[in-house]
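Dumped final-v5.cif below, it's mmCIF, C-alpha atoms:
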data_data
#
loop_
_atom_site.label_atom_id
_atom_site.label_comp_id
_atom_site.auth_asym_id
_atom_site.auth_seq_id
_atom_site.Cartn_x
_atom_site.Cartn_y
_atom_site.Cartn_z
CA MET D 1 15.84 -14.65 16.57
CA PRO D 2 18.98 -14.94 14.44
CA PHE D 3 19.56 -12.13 11.96
CA GLU D 4 19.38 -14.38 8.87
CA MET D 5 16.01 -15.82 9.88
CA MET D 6 14.63 -12.34 10.58
CA LYS D 7 15.97 -11.19 7.21
CA LYS D 8 14.25 -14.10 5.42
CA ILE D 9 10.94 -13.40 7.17
CA MET D 10 11.11 -9.72 6.20
CA MET D 11 11.97 -10.53 2.59
CA THR D 12 9.09 -13.02 2.42
CA GLY D 13 6.71 -10.38 3.78
CA ILE D 14 7.91 -7.84 1.22
CA GLY D 15 7.60 -10.40 -1.56
CA LEU D 16 4.04 -11.26 -0.55
CA ALA D 17 3.15 -7.59 -0.36
CA LEU D 18 4.21 -7.17 -3.98
CA LYS D 19 1.99 -9.99 -5.20
CA THR D 20 -1.37 -9.29 -6.80
CA GLN D 21 -4.60 -10.45 -5.18
CA SER D 22 -5.07 -13.17 -7.81
CA GLU D 23 -1.54 -14.46 -7.14
CA ILE D 24 -2.29 -14.57 -3.40
CA GLU D 25 -5.54 -16.45 -4.05
CA SER D 26 -3.73 -18.90 -6.32
CA MET D 27 -0.95 -19.48 -3.78
CA SER D 28 -3.52 -19.98 -1.02
CA LYS D 29 -5.51 -22.49 -3.07
CA GLU D 30 -2.31 -24.42 -3.83
CA LEU D 31 -1.48 -24.50 -0.12
CA VAL D 32 -4.99 -25.78 0.61
CA LYS D 33 -4.51 -28.62 -1.90
CA ARG D 34 -1.12 -29.57 -0.47
CA SER D 35 -2.31 -29.50 3.15
CA LYS D 36 -5.40 -31.57 2.27
CA MET D 37 -7.83 -29.27 4.09
CA SER D 38 -11.54 -29.91 3.82
CA GLU D 39 -13.40 -27.81 1.26
CA ALA D 40 -14.96 -25.65 3.99
CA GLU D 41 -11.61 -25.15 5.73
CA GLY D 42 -9.98 -24.35 2.41
CA LYS D 43 -12.59 -21.73 1.47
CA LYS D 44 -12.31 -20.11 4.91
CA PHE D 45 -8.51 -20.14 4.72
CA VAL D 46 -8.47 -18.52 1.25
CA ALA D 47 -11.04 -15.92 2.32
CA ASP D 48 -9.00 -15.09 5.45
CA VAL D 49 -5.77 -14.78 3.48
CA VAL D 50 -7.39 -12.51 0.87
CA LYS D 51 -8.94 -10.35 3.62
CA LYS D 52 -5.60 -10.02 5.44
CA TYR D 53 -3.86 -9.29 2.14
CA GLY D 54 -6.31 -6.45 1.43
CA LYS D 55 -5.78 -4.96 4.88
CA ALA D 56 -1.99 -5.28 4.65
CA LYS D 57 -2.00 -3.68 1.21
CA LYS D 58 -4.13 -0.76 2.43
CA ASP D 59 -1.87 -0.31 5.46
CA MET D 60 1.23 -0.33 3.27
CA GLU D 61 -0.27 2.24 0.88
CA GLN D 62 -1.07 4.52 3.83
CA LYS D 63 2.48 4.18 5.19
CA ILE D 64 3.95 4.95 1.78
CA GLN D 65 1.70 8.00 1.37
CA LYS D 66 2.67 9.23 4.84
CA GLY D 67 6.36 8.63 4.10
CA VAL D 68 6.14 10.58 0.85
CA ALA D 69 4.21 13.39 2.54
CA ASP D 70 6.77 13.53 5.35
CA TYR D 71 9.60 13.61 2.82
CA MET D 72 7.92 16.35 0.79
CA SER D 73 7.41 18.38 3.94
CA SER D 74 10.97 17.95 5.17
CA ALA D 75 12.40 18.63 1.70
CA ASP D 76 10.40 21.88 1.62
CA ILE D 77 8.71 20.97 -1.67
CA ALA D 78 5.34 22.53 -2.44
CA SER D 79 2.38 20.20 -2.74
CA LYS D 80 -0.06 20.23 -5.65
CA LYS D 81 -2.66 21.77 -3.36
CA GLU D 82 -0.27 24.59 -2.44
CA LEU D 83 0.65 25.19 -6.08
CA ASN D 84 -3.00 25.37 -7.09
CA ALA D 85 -3.67 27.86 -4.29
CA LEU D 86 -0.81 30.03 -5.58
CA LYS D 87 -2.13 29.82 -9.15
CA ASN D 88 -5.56 30.94 -7.97
CA GLU D 89 -4.04 33.79 -5.99
CA ILE D 90 -2.03 34.96 -9.03
CA LYS D 91 -5.14 34.74 -11.21
CA ASN D 92 -7.11 36.82 -8.68
CA LEU D 93 -4.30 39.40 -8.45
CA LYS D 94 -4.21 39.71 -12.26
CA LYS D 95 -7.98 40.24 -12.33
CA ALA D 96 -7.75 42.85 -9.59
CA ARG D 97 -4.94 44.66 -11.38
CA LYS D 98 -6.96 44.89 -14.63
CA LYS D 99 -9.84 46.66 -12.88
#

What is this structure when it is put down as structure tokens?
Amino acid sequence: MPFEMMKKIMMTGIGLALKTQSEIESMSKELVKRSKMSEAEGKKFVADVVKKYGKAKKDMEQKIQKGVADYMSSADIASKKELNALKNEIKNLKKARKK
């Protein structure tokens, strides 16, 4: 596959990923009209596209969360959970010291 075609496919995928669900539904319905699908075929097509969009969005969110977590770990930055644990430990130490 030539580089330019692969680049265009990737950019299209990224562009679609950034669309909202209503935009995806609207685009799908427009495609159904242009392709002159039957009403049943059109409804199934739109439902399939929306379902795949939801899955792709969820997958992308998980990849982003993993990427951020990996970056935070490699950058040696404390997580919110770790900071809260330290705060609780300091609070407990202060209580113990007052006794």

Hey, can you check how far atom CA of D:Val46 sits from atom CA of D:Ser28?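 A separation of 5.6 Å between them.
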
Å distance separating atom CA of D:Leu93 from atom CA of D:Lys81, one decimal place: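 The value is 18.4 Å.
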
Just the residues within 9 Å of stretch 17-26 of chain D, please, counting only C-alpha atoms, with nothing from its chain fewer than 3 positions along; format it as a ChimeraX atom specification. /D:12-14,29-31,46-47,49-50,53-54,56-57,60

Between atom CA of D:Tyr71 and atom CA of D:Lys91, what is the distance in Å, rounded to a tenth?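 Between atom CA of D:Tyr71 and atom CA of D:Lys91 the gap works out to 29.3 Å.
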